[in-house]
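Participant: Provided herewith is a single structure, encoded as structure tokens, for subsequent inquiry.
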Amino acid sequence: MTTTRPDAAASVARLQRLLRIPTVSRLDETETDWPRFREFLDTLPALYPALHAALELEVVAGHSLLYRWAGTGTGTGTGTVTVLMAHYDVVAATEEGWEHPPFAARLVGVGADAVVWGRGTLDDKGALVSILEAVEALVLSGFRPAADLYLSFGHNEETSGGGASAIVDELERRGIRPGLVLDEGGAIVEGVFPGVTRPVAVIGVSEKGITTLRLRVEQSGGHASTPPRLTATARLARAIVRLNSRPFPARFSATNREMIRTVGAHATGPVGWAFSHARVTGPLLLVLFSRLSDETNAIIRTTQAVTQLRGSEASNALAESAVATVNLRVAVGSSLARAIRHVRRAIRDSAVEIEALHPSEPSPVSPTTGEAWELLTRAVGETYDGVIVTPYVMLGASDGRHFTRISDHVYRFSPFEMSTEERRTLHARNERVHVATWLRGIDFYETVIRAR
């Protein structure tokens, strides 16, 4: 295994050990295998003894972890407090379609080609273990931060995020307002922006709002041999087709425009010219973004995706209740109320009930100037050569959104190189991380911690 870290093999082995514990969170928490979560928590002190000797640990909301590394007191005010975040729950996975079993955490290849396969490598145990590795190494070296450093590890980010919210409640009660909060989010990517040949580190300064919409049609049931002209399932299907044919309008937010200016300064050819003259070419760029890829299309609009359908319990019985689940991601600059109005107008059927579950508005936008932002851009530059750093709006949701209650400097960035193919494995089959980039992630977190 080729790396500058002398203990790389041991670090990877610890990552594999934690990946093999299937901490799968469930929306219905009565279905969660809580003993596996307890196994994960009980394993950490044995793997990271120096960290657990130096840091205070609280278990919040039953399973989330809040570590405090007391600073030396040489920092200036509560604004210097730093929170590094991750979550250790993962989405479900079966072995079907995986090249290597999702919870086997197999190490495949050698040297620069070494890859760890498994659920959670990218989302988000990879980042969590990188943070633990960085802190363990720094404690062993005798380092202490100038101001308090907190590690916030949520247990249900993939469902409700209640663990992180409870941690924020506790920090708020203590009057703590962090000067930097860093959670998962953007990554180091290539090939996303046409005309740009250098890798780009996209750091989330905000994130879209999120809610689950439940579309429901209630109707009298009966035998399938005598169906009405329009069944509950057919009415629901019509609503879905109408919604899918009415995408949300496209627009550039202020963060989008800053991203275009930043990346455009390094783009070549016609696209580079268009990026550099976005005030004039804005309408054409909107068309380009909407057609270039699913990622760029999601950057410029609120998105909706039907993810679940439910109808009758029997093949020969009419559905008395037909239900569709719609995952709604609300663009910064819009609101949940505006997005739901769009859905109602698109469906055009009062018989289709719409219910919003777990609603969360788009997050405030963190600044791209000042100490916290400059620290992150410097840490990226010291870890990866020749990388362009740009702000962006995170398309998914993170536990970081809860911390905007107590901090104006919440950022979302996973310090790993991720190809387009690797990004597509998030919440999908064959999730994996290259060992070399994962080890550089440890270097990144060490750089951030030393600077605070």
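In the structure tokens, the first chain shown is A, the next is B, and so on; residue numbers restart at 1 for each chain, and ligands run from 1 in the order shown.
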Using only C-alpha atoms, which residues sit within 8 Å of stretch 202-219 of chain A once same-chain residues fewer than 3 positions away are excluded, as a PyMOL selection string?
Facilitator: chain A and resi 185-189+231-233+235-236+319-332+335-336+351-368+389-398+401+410-413
Participant: Those residues you just picked out, can you put them in a file as a PDB file, in the first residue's frame with C-alpha atoms?
Facilitator:
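The result, stored in selection.pdb:
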```
ATOM      1  CA  GLY A 185     -21.415  17.383   1.235  1.00  0.00           C
ATOM      2  CA  GLY A 186     -19.398  18.402  -1.774  1.00  0.00           C
ATOM      3  CA  ALA A 187     -16.278  16.590  -2.930  1.00  0.00           C
ATOM      4  CA  ILE A 188     -13.408  16.885  -5.380  1.00  0.00           C
ATOM      5  CA  VAL A 189     -14.910  16.241  -8.800  1.00  0.00           C
ATOM      6  CA  THR A 231     -59.554   3.631 -10.377  1.00  0.00           C
ATOM      7  CA  ALA A 232     -57.606   5.064  -7.474  1.00  0.00           C
ATOM      8  CA  THR A 233     -54.348   3.805  -8.973  1.00  0.00           C
ATOM      9  CA  ARG A 235     -56.009   8.655 -10.851  1.00  0.00           C
ATOM     10  CA  LEU A 236     -52.756   8.583  -8.923  1.00  0.00           C
ATOM     11  CA  ALA A 319     -57.068  -0.362  -4.291  1.00  0.00           C
ATOM     12  CA  GLU A 320     -59.008   1.474  -1.592  1.00  0.00           C
ATOM     13  CA  SER A 321     -55.966   3.687  -1.052  1.00  0.00           C
ATOM     14  CA  ALA A 322     -53.305   4.448  -3.654  1.00  0.00           C
ATOM     15  CA  VAL A 323     -50.213   6.214  -2.357  1.00  0.00           C
ATOM     16  CA  ALA A 324     -47.122   7.733  -3.995  1.00  0.00           C
ATOM     17  CA  THR A 325     -44.107   9.104  -2.172  1.00  0.00           C
ATOM     18  CA  VAL A 326     -42.430  12.129  -3.755  1.00  0.00           C
ATOM     19  CA  ASN A 327     -38.979  13.281  -2.657  1.00  0.00           C
ATOM     20  CA  LEU A 328     -38.913  17.070  -3.011  1.00  0.00           C
ATOM     21  CA  ARG A 329     -35.650  19.076  -2.933  1.00  0.00           C
ATOM     22  CA  VAL A 330     -36.376  22.790  -2.719  1.00  0.00           C
ATOM     23  CA  ALA A 331     -33.974  25.247  -4.342  1.00  0.00           C
ATOM     24  CA  VAL A 332     -32.332  28.005  -2.330  1.00  0.00           C
ATOM     25  CA  SER A 335     -39.671  27.756  -0.121  1.00  0.00           C
ATOM     26  CA  LEU A 336     -41.613  24.645   0.774  1.00  0.00           C
ATOM     27  CA  ALA A 351     -59.123  14.278  -5.177  1.00  0.00           C
ATOM     28  CA  VAL A 352     -55.382  13.725  -4.757  1.00  0.00           C
ATOM     29  CA  GLU A 353     -54.485  14.537  -1.162  1.00  0.00           C
ATOM     30  CA  ILE A 354     -51.022  16.040  -0.552  1.00  0.00           C
ATOM     31  CA  GLU A 355     -49.276  15.694   2.795  1.00  0.00           C
ATOM     32  CA  ALA A 356     -45.803  17.043   3.608  1.00  0.00           C
ATOM     33  CA  LEU A 357     -43.707  14.922   5.982  1.00  0.00           C
ATOM     34  CA  HIS A 358     -40.558  16.066   7.825  1.00  0.00           C
ATOM     35  CA  PRO A 359     -40.412  19.471   6.060  1.00  0.00           C
ATOM     36  CA  SER A 360     -37.154  21.427   6.129  1.00  0.00           C
ATOM     37  CA  GLU A 361     -36.658  24.784   4.409  1.00  0.00           C
ATOM     38  CA  PRO A 362     -33.550  25.621   2.323  1.00  0.00           C
ATOM     39  CA  SER A 363     -30.609  26.529   4.550  1.00  0.00           C
ATOM     40  CA  PRO A 364     -29.145  30.007   4.989  1.00  0.00           C
ATOM     41  CA  VAL A 365     -26.085  30.725   2.856  1.00  0.00           C
ATOM     42  CA  SER A 366     -22.732  30.731   4.662  1.00  0.00           C
ATOM     43  CA  PRO A 367     -20.158  33.366   3.590  1.00  0.00           C
ATOM     44  CA  THR A 368     -17.398  32.750   1.058  1.00  0.00           C
ATOM     45  CA  VAL A 389     -12.251  25.662  -4.892  1.00  0.00           C
ATOM     46  CA  THR A 390     -15.778  26.930  -5.427  1.00  0.00           C
ATOM     47  CA  PRO A 391     -18.945  27.342  -3.377  1.00  0.00           C
ATOM     48  CA  TYR A 392     -22.075  25.504  -4.395  1.00  0.00           C
ATOM     49  CA  VAL A 393     -25.511  24.613  -3.087  1.00  0.00           C
ATOM     50  CA  MET A 394     -25.574  21.045  -1.780  1.00  0.00           C
ATOM     51  CA  LEU A 395     -28.229  19.058  -3.619  1.00  0.00           C
ATOM     52  CA  GLY A 396     -28.862  16.534  -0.858  1.00  0.00           C
ATOM     53  CA  ALA A 397     -29.632  17.077   2.811  1.00  0.00           C
ATOM     54  CA  SER A 398     -27.197  16.781   5.687  1.00  0.00           C
ATOM     55  CA  ARG A 401     -28.670  22.041   8.272  1.00  0.00           C
ATOM     56  CA  VAL A 410     -21.804  25.886   8.213  1.00  0.00           C
ATOM     57  CA  TYR A 411     -20.064  24.167   5.288  1.00  0.00           C
ATOM     58  CA  ARG A 412     -20.555  20.804   3.577  1.00  0.00           C
ATOM     59  CA  PHE A 413     -17.522  19.078   2.106  1.00  0.00           C
TER      60      PHE A 413
END
```
Participant: Just the residues within 12 Å of A:Ser419, please, counting only C-alpha atoms, with nothing from its chain fewer than 6 positions along; format it as a list in words.
Facilitator: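 Surrounding residues, per the criterion: Leu122, Ala187, Ile188, Val189, Glu190, Gly191, Val192, Pro199, Val200, Thr425, Leu426, Glu431, Arg432, Val433, His434 and Thr437 of chain A.
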Participant: Considering only C-alpha atoms, can you say which of A:Leu128, A:Val83, A:Leu138, A:Leu15 comes closest to A:Arg177?
Facilitator: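 Comparing A:Leu128, A:Val83, A:Leu138, A:Leu15 against A:Arg177, the winner is A:Val83.
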Participant: What's the 8 Å shell around A:Ala346, counting only C-alpha atoms, without same-chain residues fewer than 3 positions away, as a list in words?
Facilitator: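 That gives Ala239, Arg242, Leu243, Arg246, His342 and Val343 of chain A.
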Participant: How would the residues just chosen look if you wrote them out with N, CA and C atoms as a PDB file, in the first residue's frame?
Facilitator:
```pdb
ATOM      1  N   ALA A 239     -51.863  11.769 -11.912  1.00  0.00           N
ATOM      2  CA  ALA A 239     -51.259  12.862 -11.154  1.00  0.00           C
ATOM      3  C   ALA A 239     -49.735  12.834 -11.270  1.00  0.00           C
ATOM      4  N   ARG A 242     -48.665  14.041 -14.742  1.00  0.00           N
ATOM      5  CA  ARG A 242     -48.804  15.497 -14.836  1.00  0.00           C
ATOM      6  C   ARG A 242     -47.677  16.206 -14.090  1.00  0.00           C
ATOM      7  N   LEU A 243     -47.363  15.709 -12.910  1.00  0.00           N
ATOM      8  CA  LEU A 243     -46.287  16.322 -12.131  1.00  0.00           C
ATOM      9  C   LEU A 243     -44.953  16.185 -12.857  1.00  0.00           C
ATOM     10  N   ARG A 246     -44.268  18.684 -15.592  1.00  0.00           N
ATOM     11  CA  ARG A 246     -44.192  20.098 -15.217  1.00  0.00           C
ATOM     12  C   ARG A 246     -42.993  20.315 -14.294  1.00  0.00           C
ATOM     13  N   HIS A 342     -46.738  24.609  -6.455  1.00  0.00           N
ATOM     14  CA  HIS A 342     -46.409  24.144  -7.813  1.00  0.00           C
ATOM     15  C   HIS A 342     -46.919  22.721  -8.031  1.00  0.00           C
ATOM     16  N   VAL A 343     -46.737  21.866  -7.041  1.00  0.00           N
ATOM     17  CA  VAL A 343     -47.191  20.476  -7.164  1.00  0.00           C
ATOM     18  C   VAL A 343     -48.708  20.418  -7.310  1.00  0.00           C
TER      19      VAL A 343
END
```
Participant: Pick out the residues sitting within 12 Å of A:Ala428, and hand them over as a PDB file with N, CA and C atoms, in the first residue's frame; count only C-alpha atoms, and ignore anything fewer than 5 positions along from it in its own chain.
Facilitator:
```
ATOM      1  N   VAL A  90     -26.278   4.222   7.936  1.00  0.00           N
ATOM      2  CA  VAL A  90     -26.199   4.041   6.491  1.00  0.00           C
ATOM      3  C   VAL A  90     -27.563   3.595   5.970  1.00  0.00           C
ATOM      4  N   VAL A  91     -27.733   3.700   4.651  1.00  0.00           N
ATOM      5  CA  VAL A  91     -28.957   3.209   4.037  1.00  0.00           C
ATOM      6  C   VAL A  91     -28.834   1.697   3.827  1.00  0.00           C
ATOM      7  N   ALA A  92     -29.978   1.069   3.676  1.00  0.00           N
ATOM      8  CA  ALA A  92     -30.008  -0.384   3.560  1.00  0.00           C
ATOM      9  C   ALA A  92     -29.339  -0.847   2.272  1.00  0.00           C
ATOM     10  N   ALA A  93     -28.869  -2.081   2.292  1.00  0.00           N
ATOM     11  CA  ALA A  93     -28.259  -2.685   1.105  1.00  0.00           C
ATOM     12  C   ALA A  93     -28.368  -4.194   1.210  1.00  0.00           C
ATOM     13  N   THR A  94     -28.704  -4.834   0.099  1.00  0.00           N
ATOM     14  CA  THR A  94     -28.645  -6.290   0.009  1.00  0.00           C
ATOM     15  C   THR A  94     -27.490  -6.649  -0.921  1.00  0.00           C
ATOM     16  N   GLU A  95     -27.107  -7.900  -0.951  1.00  0.00           N
ATOM     17  CA  GLU A  95     -25.960  -8.314  -1.755  1.00  0.00           C
ATOM     18  C   GLU A  95     -26.277  -8.364  -3.247  1.00  0.00           C
ATOM     19  N   GLU A  96     -27.542  -8.287  -3.609  1.00  0.00           N
ATOM     20  CA  GLU A  96     -27.937  -8.378  -5.009  1.00  0.00           C
ATOM     21  C   GLU A  96     -27.331  -7.233  -5.825  1.00  0.00           C
ATOM     22  N   GLY A  97     -26.594  -7.570  -6.861  1.00  0.00           N
ATOM     23  CA  GLY A  97     -26.041  -6.584  -7.777  1.00  0.00           C
ATOM     24  C   GLY A  97     -24.716  -5.983  -7.353  1.00  0.00           C
ATOM     25  N   TRP A  98     -24.233  -6.306  -6.163  1.00  0.00           N
ATOM     26  CA  TRP A  98     -22.955  -5.768  -5.700  1.00  0.00           C
ATOM     27  C   TRP A  98     -21.817  -6.663  -6.193  1.00  0.00           C
ATOM     28  N   PRO A 102     -21.997  -5.748   0.458  1.00  0.00           N
ATOM     29  CA  PRO A 102     -21.986  -4.364   0.946  1.00  0.00           C
ATOM     30  C   PRO A 102     -21.405  -4.185   2.342  1.00  0.00           C
ATOM     31  N   GLY A 118     -17.874  -1.006   0.006  1.00  0.00           N
ATOM     32  CA  GLY A 118     -18.840  -1.245   1.071  1.00  0.00           C
ATOM     33  C   GLY A 118     -19.758  -0.075   1.321  1.00  0.00           C
ATOM     34  N   ARG A 119     -20.913  -0.397   1.872  1.00  0.00           N
ATOM     35  CA  ARG A 119     -21.879   0.623   2.237  1.00  0.00           C
ATOM     36  C   ARG A 119     -21.302   1.508   3.336  1.00  0.00           C
ATOM     37  N   GLY A 120     -21.336   2.808   3.108  1.00  0.00           N
ATOM     38  CA  GLY A 120     -20.834   3.755   4.085  1.00  0.00           C
ATOM     39  C   GLY A 120     -19.459   4.302   3.784  1.00  0.00           C
ATOM     40  N   THR A 121     -18.761   3.749   2.779  1.00  0.00           N
ATOM     41  CA  THR A 121     -17.418   4.248   2.476  1.00  0.00           C
ATOM     42  C   THR A 121     -17.438   5.722   2.112  1.00  0.00           C
ATOM     43  N   LEU A 122     -18.452   6.136   1.348  1.00  0.00           N
ATOM     44  CA  LEU A 122     -18.593   7.540   0.965  1.00  0.00           C
ATOM     45  C   LEU A 122     -19.649   8.256   1.796  1.00  0.00           C
ATOM     46  N   ASP A 123     -20.649   7.513   2.258  1.00  0.00           N
ATOM     47  CA  ASP A 123     -21.792   8.131   2.931  1.00  0.00           C
ATOM     48  C   ASP A 123     -22.141   7.338   4.177  1.00  0.00           C
ATOM     49  N   GLU A 421     -18.823   8.094 -11.723  1.00  0.00           N
ATOM     50  CA  GLU A 421     -19.309   6.747 -11.431  1.00  0.00           C
ATOM     51  C   GLU A 421     -19.389   6.491  -9.934  1.00  0.00           C
ATOM     52  N   GLU A 422     -18.392   6.951  -9.195  1.00  0.00           N
ATOM     53  CA  GLU A 422     -18.403   6.747  -7.742  1.00  0.00           C
ATOM     54  C   GLU A 422     -19.520   7.544  -7.078  1.00  0.00           C
ATOM     55  N   ARG A 423     -19.777   8.758  -7.541  1.00  0.00           N
ATOM     56  CA  ARG A 423     -20.871   9.546  -6.962  1.00  0.00           C
ATOM     57  C   ARG A 423     -22.213   8.863  -7.176  1.00  0.00           C
TER      58      ARG A 423
END
```
Participant: Apply DSSP to the backbone of this structure and, from stretch 226-434 of chain A, keep only the residues in strand (DSSP E or B); write these as a ChimeraX atom specification.
Facilitator: /A:303-310,317,321-330,332,334,353-360,388-394,410-417,432-434
Participant: Could those selected residues go to a file with C-alpha atoms, as a compact mmCIF listing (two decimals), in the first residue's frame?
Facilitator:
```txt
# COMPACT_ATOMS: atom_id res chain seq x y z
CA THR A 303 -36.58 18.80 -8.14
CA GLN A 304 -39.17 16.15 -7.48
CA ALA A 305 -38.84 12.39 -7.78
CA VAL A 306 -41.47 9.74 -7.21
CA THR A 307 -39.67 7.09 -5.16
CA GLN A 308 -42.36 4.77 -3.79
CA LEU A 309 -45.78 3.49 -4.92
CA ARG A 310 -48.39 1.49 -3.06
CA ALA A 317 -58.79 -6.36 -5.60
CA SER A 321 -55.97 3.69 -1.05
CA ALA A 322 -53.30 4.45 -3.65
CA VAL A 323 -50.21 6.21 -2.36
CA ALA A 324 -47.12 7.73 -3.99
CA THR A 325 -44.11 9.10 -2.17
CA VAL A 326 -42.43 12.13 -3.76
CA ASN A 327 -38.98 13.28 -2.66
CA LEU A 328 -38.91 17.07 -3.01
CA ARG A 329 -35.65 19.08 -2.93
CA VAL A 330 -36.38 22.79 -2.72
CA VAL A 332 -32.33 28.01 -2.33
CA SER A 334 -37.63 29.22 -2.97
CA GLU A 353 -54.49 14.54 -1.16
CA ILE A 354 -51.02 16.04 -0.55
CA GLU A 355 -49.28 15.69 2.80
CA ALA A 356 -45.80 17.04 3.61
CA LEU A 357 -43.71 14.92 5.98
CA HIS A 358 -40.56 16.07 7.83
CA PRO A 359 -40.41 19.47 6.06
CA SER A 360 -37.15 21.43 6.13
CA ILE A 388 -10.13 24.88 -7.96
CA VAL A 389 -12.25 25.66 -4.89
CA THR A 390 -15.78 26.93 -5.43
CA PRO A 391 -18.94 27.34 -3.38
CA TYR A 392 -22.07 25.50 -4.40
CA VAL A 393 -25.51 24.61 -3.09
CA MET A 394 -25.57 21.04 -1.78
CA VAL A 410 -21.80 25.89 8.21
CA TYR A 411 -20.06 24.17 5.29
CA ARG A 412 -20.55 20.80 3.58
CA PHE A 413 -17.52 19.08 2.11
CA SER A 414 -16.20 15.52 2.04
CA PRO A 415 -12.44 15.70 1.31
CA PHE A 416 -12.38 12.85 -1.18
CA GLU A 417 -11.93 12.63 -4.94
CA ARG A 432 -16.58 2.34 -2.63
CA VAL A 433 -13.64 4.65 -1.94
CA HIS A 434 -10.05 4.66 -3.18
```
Participant: Atom CA of A:Pro247 and atom CA of A:Arg291, how far apart in Å?
Facilitator: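 Atom-to-atom, atom CA of A:Arg291 to atom CA of A:Pro247, that is 13.0 Å.
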Participant: Show me, as a VMD selection string, the residues that have an atom within 10 Å of stretch 36-53 of chain A when counting only C-alpha atoms, minus same-chain residues fewer than 2 positions from it.
Facilitator: chain A and resid 11 14 to 15 17 to 25 32 to 34 55 to 57 59 62 to 65 67 69 88 to 89 129 132 to 140 155
Participant: Write out as a VMD selection string the set of residues from stretch 152-374 of chain A that DSSP, computed on the backbone, places in alpha helix (DSSP H).
Facilitator: chain A and resid 162 to 173 232 to 244 254 to 264 269 to 276 278 to 292 294 to 299 336 to 347 371 to 374
Participant: Would you export the selected residues with C-alpha atoms as a short mmCIF file (atom, residue, chain, number, x, y, z; two decimals), in the first residue's frame, please?
Facilitator:
```cif
data_model
loop_
_atom_site.label_atom_id
_atom_site.label_comp_id
_atom_site.auth_asym_id
_atom_site.auth_seq_id
_atom_site.Cartn_x
_atom_site.Cartn_y
_atom_site.Cartn_z
CA GLY A 162 -33.13 13.86 15.12
CA GLY A 163 -29.79 13.00 16.71
CA ALA A 164 -28.02 16.00 15.22
CA SER A 165 -30.96 18.25 16.09
CA ALA A 166 -30.74 17.10 19.71
CA ILE A 167 -27.00 17.86 19.75
CA VAL A 168 -27.72 21.37 18.49
CA ASP A 169 -30.31 21.78 21.25
CA GLU A 170 -27.66 20.89 23.80
CA LEU A 171 -25.00 23.22 22.37
CA GLU A 172 -27.54 26.02 22.11
CA ARG A 173 -28.49 25.53 25.75
CA ALA A 232 -57.61 5.06 -7.47
CA THR A 233 -54.35 3.80 -8.97
CA ALA A 234 -55.16 5.27 -12.40
CA ARG A 235 -56.01 8.65 -10.85
CA LEU A 236 -52.76 8.58 -8.92
CA ALA A 237 -50.81 7.58 -12.05
CA ARG A 238 -52.34 10.50 -13.93
CA ALA A 239 -51.26 12.86 -11.15
CA ILE A 240 -47.70 11.50 -11.33
CA VAL A 241 -47.53 11.93 -15.11
CA ARG A 242 -48.80 15.50 -14.84
CA LEU A 243 -46.29 16.32 -12.13
CA ASN A 244 -43.43 14.78 -14.08
CA ALA A 254 -26.42 34.01 -6.04
CA THR A 255 -24.29 30.99 -5.08
CA ASN A 256 -24.78 29.47 -8.54
CA ARG A 257 -23.54 32.70 -10.12
CA GLU A 258 -20.49 32.82 -7.86
CA MET A 259 -19.74 29.20 -8.76
CA ILE A 260 -19.98 30.01 -12.47
CA ARG A 261 -17.64 32.99 -12.09
CA THR A 262 -15.12 30.95 -10.07
CA VAL A 263 -15.09 27.93 -12.35
CA GLY A 264 -15.40 30.06 -15.48
CA GLY A 269 -13.30 27.43 -25.30
CA PRO A 270 -16.85 28.71 -25.90
CA VAL A 271 -18.06 27.49 -22.53
CA GLY A 272 -15.29 29.41 -20.79
CA TRP A 273 -16.36 32.56 -22.62
CA ALA A 274 -20.01 31.94 -21.72
CA PHE A 275 -19.13 31.40 -18.05
CA SER A 276 -17.05 34.59 -18.00
CA ALA A 278 -22.74 35.05 -17.47
CA ARG A 279 -24.64 38.32 -17.18
CA VAL A 280 -25.21 38.22 -20.91
CA THR A 281 -25.28 34.46 -21.48
CA GLY A 282 -27.36 33.57 -18.41
CA PRO A 283 -30.42 32.27 -20.35
CA LEU A 284 -28.20 30.10 -22.56
CA LEU A 285 -26.36 28.76 -19.52
CA LEU A 286 -29.66 27.78 -17.91
CA VAL A 287 -30.44 25.71 -21.00
CA LEU A 288 -26.94 24.20 -20.91
CA PHE A 289 -27.19 23.26 -17.24
CA SER A 290 -30.64 21.75 -17.70
CA ARG A 291 -29.38 19.46 -20.48
CA LEU A 292 -25.77 18.74 -19.50
CA ASP A 294 -28.78 15.24 -13.98
CA GLU A 295 -26.42 16.94 -11.51
CA THR A 296 -26.28 20.28 -13.33
CA ASN A 297 -30.03 20.19 -13.93
CA ALA A 298 -30.60 19.75 -10.19
CA ILE A 299 -28.30 22.70 -9.46
CA LEU A 336 -41.61 24.65 0.77
CA ALA A 337 -44.92 26.51 0.49
CA ARG A 338 -44.07 27.69 -3.03
CA ALA A 339 -42.93 24.22 -4.06
CA ILE A 340 -46.11 22.56 -2.78
CA ARG A 341 -48.25 25.13 -4.62
CA HIS A 342 -46.41 24.14 -7.81
CA VAL A 343 -47.19 20.48 -7.16
CA ARG A 344 -50.89 21.21 -6.60
CA ARG A 345 -51.13 23.24 -9.80
CA ALA A 346 -49.31 20.54 -11.78
CA ILE A 347 -51.56 17.73 -10.55
CA GLU A 371 -11.53 33.14 8.35
CA ALA A 372 -13.60 29.95 8.14
CA TRP A 373 -13.87 29.93 4.34
CA GLU A 374 -10.20 30.81 3.89
#
```
Participant: Enter the distance from atom CA of A:Leu376 to atom CA of A:Pro178, in Å, rounded to one decimal.
Facilitator: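 Going from atom CA of A:Leu376 over to atom CA of A:Pro178 covers 14.9 Å.
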Participant: Of the candidates A:Gly109, A:Gly73, A:Gly381, A:Pro249, which one gets nearest to A:Arg452 if we count only C-alpha atoms?
Facilitator: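 Using only C-alpha atoms, A:Arg452 sits closest to A:Gly73.
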Participant: Could you tell me how far atom CA of A:Arg440 lies from atom CA of A:Tyr384, in Å and to one decimal?
Facilitator: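 Computed distance, atom CA of A:Arg440 to atom CA of A:Tyr384, equals 8.1 Å.
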